[in-house]
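Notes for the one structure printed next.
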Amino acid sequence: MTEDLPSVPPRSLPTGRIAVYAIVGLIGLALMFAPFLFPDVRAQEVAARICIFIVLVASYDLLIGYTGIVSFAHTMFFGLGAYGTAMALKTMGPGFDAILIGGGAGVLAALVLAVLIGLLSLRVKAIFFAMVTLAAASVMLVLASQLSDLTGGEDGMTYEVPRLFSAATKLLADADGKTMRLFGVALNGKVAAYYFVFLSSLALFALMLRIVGSPLGTVLMAIRENEMRAEAIGYRVVAYRTAIFCIAAVIAALAGVLRAVWLKYVGPDVALSFSIMIDILLMVVIGGMGTIVGAVIGVVVMSLAQFYLKDLMEAGAAATADLPLLPDLLNPDRWLLWLGLLFILLVYFFPAGVAGTLMGKGTRK
Amino acid sequence: MTNISAFLARFGGVNLLPVALALLAFVLIGQPSSWVTLTVAGLAMGMMIFLMASGLSLIFGLMDVLNFGHSAFVSFGAFVAASVLAALGSWVTGGSAALNALALLAAVGAATAFGAVGGWFFERVIVKPVYKDHLRQILITMGALIVAEQLILAVWGGAPVAVPRPAFLTGSIVVGDVAVETYRIFAFALGLAVYLVMHYALNRTRIGLLIRAGVENREMVEALGFRIDRLFIAVFMAGSALAAMGGAMWAGYQGLITPAIGPEMMILVFIVVIIGGLGSIQGSLLGAILVGLLANYVAFLAPKLSLASNMLLMMAILLWRPYGLRPAIKG
């Protein structure tokens, strides 16, 4: 399937490529002005979640799409960042120093674990590595729920974030001393928190685009295409793989920090569980592996699908209520069933994903 | 130093690891009666895990296909067996040992048959289009696992299901101050029987010869004119059936099953396959017994560590032997 991935610059007018960048640009603009475009609380939650997941999914794409490494430990790194921040905020009280120390500790832990796993098992086959990471991630999940004194167990933990990010904070006061409003939106701490998340995500995303465009990115693609050849040319494959695994782990942990700061809650369900890993996989495949921008499309499509698919299924279940088994299959709780089927079909027929398929259009093979 | 390793190699090399582990545990536990109970439990658990792991290992060895959906067969086996046992009602709980045995046979047989049919479907529909493409294999089988788990949830619901245990396998045999559950002996015996049959089939029959040759060098076997893809379907079905059988046995052992049984067992199965080395039956058996024993000893000595212990074992063994203890194939 690797031949489907765009790697040669097109000669004719790359309409597909332009379309992809246009879509991504539009999504970026929508996210940039999200607090003003979608002022209600729920939409803001979704927007922040999309920002964070774009970073997470793009960092996963560095592994799966660019280097051909399948890891199931990505949520582990995400969770380490989130839990580190949460524990520090809980024990040291709300403050940027707590975020810095806790987040730093989480990122460091992710880095150390990534180096260990990488050196231990990246020299063997892709499949072996996938199994090792899966085992490691599930042990981490068990640890998080067992060590409930530290992590809050299954319930997770809530904590305060720095005052700047709380809804009661006035960013700008008007003449009456009230919170100033811009386009009818109160400029309170929530907006500051959103822009903290958005700008950090943007910076991380830009960093990843830079990595992919750098010589490092080229070497990674060479390893994906032909490992033996890359080794023969003189690139140390294990070193490069370990390096990108560590980079992806650190970025995932940073995304975890953002998640912890935004949500003011951390638990296995939002930061560590296996369903997040499945989400990431679905998003990266839907968006398109090997195209960092595909992450943006994949995350948005999945996030919207999660909302609308459930509504659709609810309607379907109500319509087929008299038939056997069908209502059970159409129960909104079973939405993963249909996404799973969609996932399988996508991997069969559109392995390049939305972005990859679109980018392939208008270019000559 | 070389003397010692030569001495160890003569007496079985890595096969001595479970013995060493058992001896170490004996010293740490101190009470012979609990040690025997734990050892039997560990061996029984190991045998059940072996049932689930051996198929995965062979499937990988023969066709270079790693089925992440393997644990779906474990779950399906467990739930099918539970449904059959529940449906047979008084046959299971009644006093007649013959009816008990028949009910058990029906349950395990139904689970195994379901595994075989499911395996055939899985191989044809899910895996066949993506031979030789590891990345897509992992993704597709993962997707299939999601779908299978959701189907289990849709059919059996999310609540725990009680599994009635046949009356003649309840209770325990008491020798001195050592009590051993009958079911554990049965599980161990079944696992051992399956291992012996597999060992015989692989080493003494023509099909076994072809399978071993295929694991060693697939292209060469194909070049000699054998239809290895047909062989592979058979192995895939057998592997899935064994996983379902293991799931059925595990369901009876636990007494209460939830849809989480698949993911839980999958981790153990993966650890076993990694420890043992991909593609080898002996490796799977060795790994399964190590994992079973360690899980039981650690659960007794330091309950908090129990799951992490298997992980640590895996890390240690990977550091020592990156391809597992007894790999059939390198690389």
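Each chain in the structure tokens gets a letter, A, B, ..., in the order shown, and its residues are numbered from 1; ligands are numbered from 1 in order too.
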Contact set, chain B to chain A: 9 Å, only C-alpha atoms, as a PyMOL selection string = chain B and resi 65-66+68+126+129-130+133-136+138-151+153-155+264+266-268+270-271+274+278+304+307-308+311+314-315+318-319+322-323+331
If you keep N, CA and C atoms, can you produce a file of those selected residues as a compact mmCIF listing (two decimals), in the first residue's frame?
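The file below, again10.txt, is the result:
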```
# COMPACT_ATOMS: atom_id res chain seq x y z
N VAL B 65 1.65 -14.34 9.62
CA VAL B 65 0.45 -13.54 9.88
C VAL B 65 0.27 -13.46 11.38
N LEU B 66 0.22 -12.26 11.92
CA LEU B 66 -0.08 -12.16 13.34
C LEU B 66 -1.51 -11.70 13.49
N PHE B 68 -4.18 -10.24 15.50
CA PHE B 68 -4.52 -9.53 16.73
C PHE B 68 -5.94 -9.84 17.17
N ILE B 126 -11.08 -11.87 6.30
CA ILE B 126 -10.31 -10.78 6.90
C ILE B 126 -8.84 -10.84 6.51
N PRO B 129 -6.90 -11.19 2.13
CA PRO B 129 -6.51 -10.10 1.23
C PRO B 129 -5.24 -9.37 1.65
N VAL B 130 -4.76 -9.60 2.86
CA VAL B 130 -3.61 -8.81 3.32
C VAL B 130 -2.42 -9.67 3.71
N ASP B 133 1.55 -8.22 4.22
CA ASP B 133 1.55 -6.78 4.46
C ASP B 133 1.29 -6.58 5.95
N HIS B 134 2.39 -6.55 6.71
CA HIS B 134 2.25 -6.56 8.17
C HIS B 134 1.42 -5.42 8.71
N LEU B 135 1.68 -4.22 8.18
CA LEU B 135 1.01 -3.05 8.71
C LEU B 135 -0.51 -3.20 8.57
N ARG B 136 -0.94 -3.59 7.37
CA ARG B 136 -2.38 -3.71 7.16
C ARG B 136 -2.95 -4.90 7.91
N ILE B 138 -2.00 -5.93 10.85
CA ILE B 138 -2.22 -5.51 12.24
C ILE B 138 -3.48 -4.67 12.32
N LEU B 139 -3.62 -3.73 11.36
CA LEU B 139 -4.78 -2.83 11.41
C LEU B 139 -6.08 -3.60 11.20
N ILE B 140 -6.09 -4.48 10.19
CA ILE B 140 -7.33 -5.18 9.86
C ILE B 140 -7.74 -6.12 10.98
N THR B 141 -6.77 -6.89 11.50
CA THR B 141 -7.16 -7.83 12.55
C THR B 141 -7.57 -7.07 13.81
N MET B 142 -6.97 -5.91 14.01
CA MET B 142 -7.38 -5.08 15.14
C MET B 142 -8.82 -4.62 14.94
N GLY B 143 -9.13 -4.17 13.72
CA GLY B 143 -10.50 -3.77 13.42
C GLY B 143 -11.47 -4.92 13.62
N ALA B 144 -11.06 -6.11 13.17
CA ALA B 144 -11.92 -7.28 13.34
C ALA B 144 -12.13 -7.58 14.81
N LEU B 145 -11.08 -7.37 15.61
CA LEU B 145 -11.21 -7.59 17.06
C LEU B 145 -12.26 -6.65 17.65
N ILE B 146 -12.21 -5.39 17.22
CA ILE B 146 -13.19 -4.42 17.72
C ILE B 146 -14.60 -4.91 17.38
N VAL B 147 -14.79 -5.28 16.11
CA VAL B 147 -16.11 -5.72 15.67
C VAL B 147 -16.56 -6.95 16.46
N ALA B 148 -15.64 -7.92 16.63
CA ALA B 148 -16.00 -9.15 17.35
C ALA B 148 -16.40 -8.84 18.78
N GLU B 149 -15.65 -7.96 19.43
CA GLU B 149 -15.97 -7.64 20.82
C GLU B 149 -17.33 -6.95 20.92
N GLN B 150 -17.60 -6.09 19.95
CA GLN B 150 -18.89 -5.40 19.97
C GLN B 150 -20.03 -6.40 19.73
N LEU B 151 -19.77 -7.40 18.86
CA LEU B 151 -20.80 -8.41 18.62
C LEU B 151 -21.09 -9.19 19.89
N LEU B 153 -20.77 -8.10 22.90
CA LEU B 153 -21.55 -7.20 23.75
C LEU B 153 -23.00 -7.16 23.29
N ALA B 154 -23.21 -7.16 21.96
CA ALA B 154 -24.57 -7.07 21.45
C ALA B 154 -25.35 -8.34 21.74
N VAL B 155 -24.70 -9.50 21.66
CA VAL B 155 -25.42 -10.76 21.83
C VAL B 155 -25.57 -11.13 23.30
N GLU B 264 -8.14 -9.38 28.41
CA GLU B 264 -7.31 -9.83 29.53
C GLU B 264 -6.41 -10.98 29.12
N MET B 266 -5.63 -11.83 26.10
CA MET B 266 -4.76 -11.51 24.97
C MET B 266 -3.38 -11.07 25.46
N ILE B 267 -3.36 -10.28 26.52
CA ILE B 267 -2.07 -9.81 27.02
C ILE B 267 -1.23 -11.00 27.45
N LEU B 268 -1.84 -11.91 28.23
CA LEU B 268 -1.09 -13.09 28.68
C LEU B 268 -0.61 -13.91 27.49
N PHE B 270 -0.04 -12.95 24.42
CA PHE B 270 1.06 -12.28 23.74
C PHE B 270 2.36 -12.45 24.50
N ILE B 271 2.28 -12.26 25.82
CA ILE B 271 3.49 -12.39 26.62
C ILE B 271 4.06 -13.80 26.46
N ILE B 274 5.64 -14.24 23.04
CA ILE B 274 6.90 -13.51 22.94
C ILE B 274 7.98 -14.24 23.72
N LEU B 278 8.27 -16.98 18.57
CA LEU B 278 7.17 -17.17 17.64
C LEU B 278 7.36 -18.42 16.80
N LYS B 304 0.08 -7.24 44.75
CA LYS B 304 0.06 -6.00 43.97
C LYS B 304 0.83 -6.14 42.66
N LEU B 307 0.24 -8.61 37.83
CA LEU B 307 0.28 -8.45 36.36
C LEU B 307 1.62 -7.92 35.89
N ALA B 308 2.18 -7.01 36.69
CA ALA B 308 3.46 -6.44 36.29
C ALA B 308 4.53 -7.51 36.25
N MET B 311 5.04 -8.99 32.91
CA MET B 311 5.68 -7.99 32.05
C MET B 311 7.18 -7.97 32.33
N MET B 314 8.82 -10.86 30.84
CA MET B 314 8.99 -10.71 29.41
C MET B 314 10.19 -9.82 29.09
N MET B 315 10.27 -8.70 29.81
CA MET B 315 11.39 -7.78 29.58
C MET B 315 12.71 -8.51 29.82
N LEU B 318 13.42 -10.95 27.08
CA LEU B 318 13.77 -10.29 25.81
C LEU B 318 15.19 -9.72 25.85
N LEU B 319 15.59 -9.25 27.03
CA LEU B 319 16.96 -8.74 27.14
C LEU B 319 17.96 -9.87 26.94
N PRO B 322 16.53 -12.03 22.55
CA PRO B 322 15.61 -11.12 21.86
C PRO B 322 14.54 -11.82 21.03
N TYR B 323 14.74 -13.09 20.66
CA TYR B 323 13.72 -13.76 19.85
C TYR B 323 12.93 -14.77 20.65
N GLY B 331 14.29 -13.82 13.28
CA GLY B 331 14.01 -12.57 12.57
C GLY B 331 12.65 -12.18 12.54
```
Neighbour list for Ile297 in chain A as a JSON list (two decimals) with N, CA and C atoms, in the first residue's frame, cut-off 8 Å, only C-alpha atoms, skip fewer than 5 positions in-chain:
```
[["chain", "number", "residue", "atom", "x", "y", "z"],
["A", 23, "ILE", "N", -9.02, 22.36, 2.80],
["A", 23, "ILE", "CA", -9.84, 21.83, 3.90],
["A", 23, "ILE", "C", -9.14, 22.02, 5.23],
["A", 24, "VAL", "N", -7.85, 21.66, 5.25],
["A", 24, "VAL", "CA", -7.10, 21.77, 6.50],
["A", 24, "VAL", "C", -7.02, 23.22, 6.95],
["A", 286, "ILE", "N", -8.34, 6.93, 8.83],
["A", 286, "ILE", "CA", -9.33, 7.70, 8.08],
["A", 286, "ILE", "C", -8.67, 8.90, 7.44],
["A", 287, "GLY", "N", -7.84, 9.61, 8.21],
["A", 287, "GLY", "CA", -7.22, 10.81, 7.69],
["A", 287, "GLY", "C", -6.24, 10.50, 6.58],
["A", 354, "VAL", "N", -8.44, 9.60, 3.63],
["A", 354, "VAL", "CA", -9.05, 10.72, 2.92],
["A", 354, "VAL", "C", -7.99, 11.61, 2.29],
["A", 355, "ALA", "N", -7.05, 12.05, 3.11],
["A", 355, "ALA", "CA", -6.05, 12.99, 2.61],
["A", 355, "ALA", "C", -5.18, 12.35, 1.54]]
```
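Residues in contact with range 288-291 of chain B at 7 Å, where only C-alpha atoms are counted and same-chain residues fewer than 2 positions away are skipped, are listed as Pro18, Leu43, Gly46, Met47, Ile49, Phe50, Val272, Ser284, Leu285, Leu286, Leu293, Leu294, Ala295 and Asn310 of chain B.
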